[in-house]
Amino acid sequence: MVHFETQSGPGRFLLTCCELILDGALEASPSQTQTRLFKHLTDLLITTLLDSLDLELSVAGRRKHRQKHIRSYIESRLQEPDLTPKSIANAYGISSRALYLLFDGEPGAVSGWILSKRLERIYKDLQSAEYTSMAIAEIAAKHGFRNAAHFSRRFRQKFGLSPRELRQRKLTG
């Protein structure tokens with residue numbers, strides 16, 4: 001159990017924010033704004049807990065924490081064809097540049113990470129008996145690809161065989 005000061009410092013700030021939320025201060029705000037503010041509230045909670053434990057979260061630690069939340073957000077929306085770095089940055093209330101900096105060092109940065117995750121999910125679906133009757137283009141569309149030819153090229157680039165070849169291998173066993 002962690003105790004923190006609610007009369008001053010980060011604990012007081014956190015308590016005030018929570019009281020405002022309970023009083024309905026955000027009810028008239030758009031859901032996107034509420035989502036961003038709740039993400040900031042999570043950061044405030046972490047800061048308050050770290051302060052009460054007399055710990056300091058390093059820049060690298062904060063970066064990793066934020067990146068983890070953004071990755072989770074992305075993974076929950078991979079099926080959306082309009083998922084772009086700009087839409088992700090907007091959802092988090094950060095600039096596109098800040099988002100790209102968070103993914104610095106990733107192959108293809110943000111867009112490459114999204115593409116890779118989509119392709120991995122499609123690979124898994126093509127291996128699954130559950131999707132054998134579903135057209136490959138439908139599976140690709142289900143994971144956010146609008147263009148079947150683009151999908152097929154990217155799939156071959158990543159896995160070294162076409163989606164059809166993968167499916168055939170699975171079926172012929």
# chains A, B, ... in the order shown; residues from 1 in each chain; ligands from 1
>>> residues_around(residues="Thr132 of chain A", least_positions_apart="3", cutoff="12 Å", atoms="only C-alpha atoms", output="MDAnalysis selection string")
chainID A and resid 124:129 135:136 138:139 164 166:168 170:171
>>> residues_around(residues="Thr35 of chain A", least_positions_apart="2", cutoff="12 Å", atoms="only C-alpha atoms", output="ChimeraX atom specification")
/A:26-27,29-33,37-42,73,90-93
>>> closest_residue(among="A:Arg63, A:Met134, A:Thr84, A:Ala140", to="Leu102 of chain A", atoms="only C-alpha atoms")
A:Arg63
>>> select_by_dssp(residues="chain A", states="alpha helix (DSSP H)", output="ChimeraX atom specification")
/A:9-22,31-52,59-75,85-92,96-102,109-127,136-142,148-159,163-172
>>> atom_distance(atom1="atom CA of Arg153 of chain A", atom2="atom CA of Ile74 of chain A")
22.5 Å
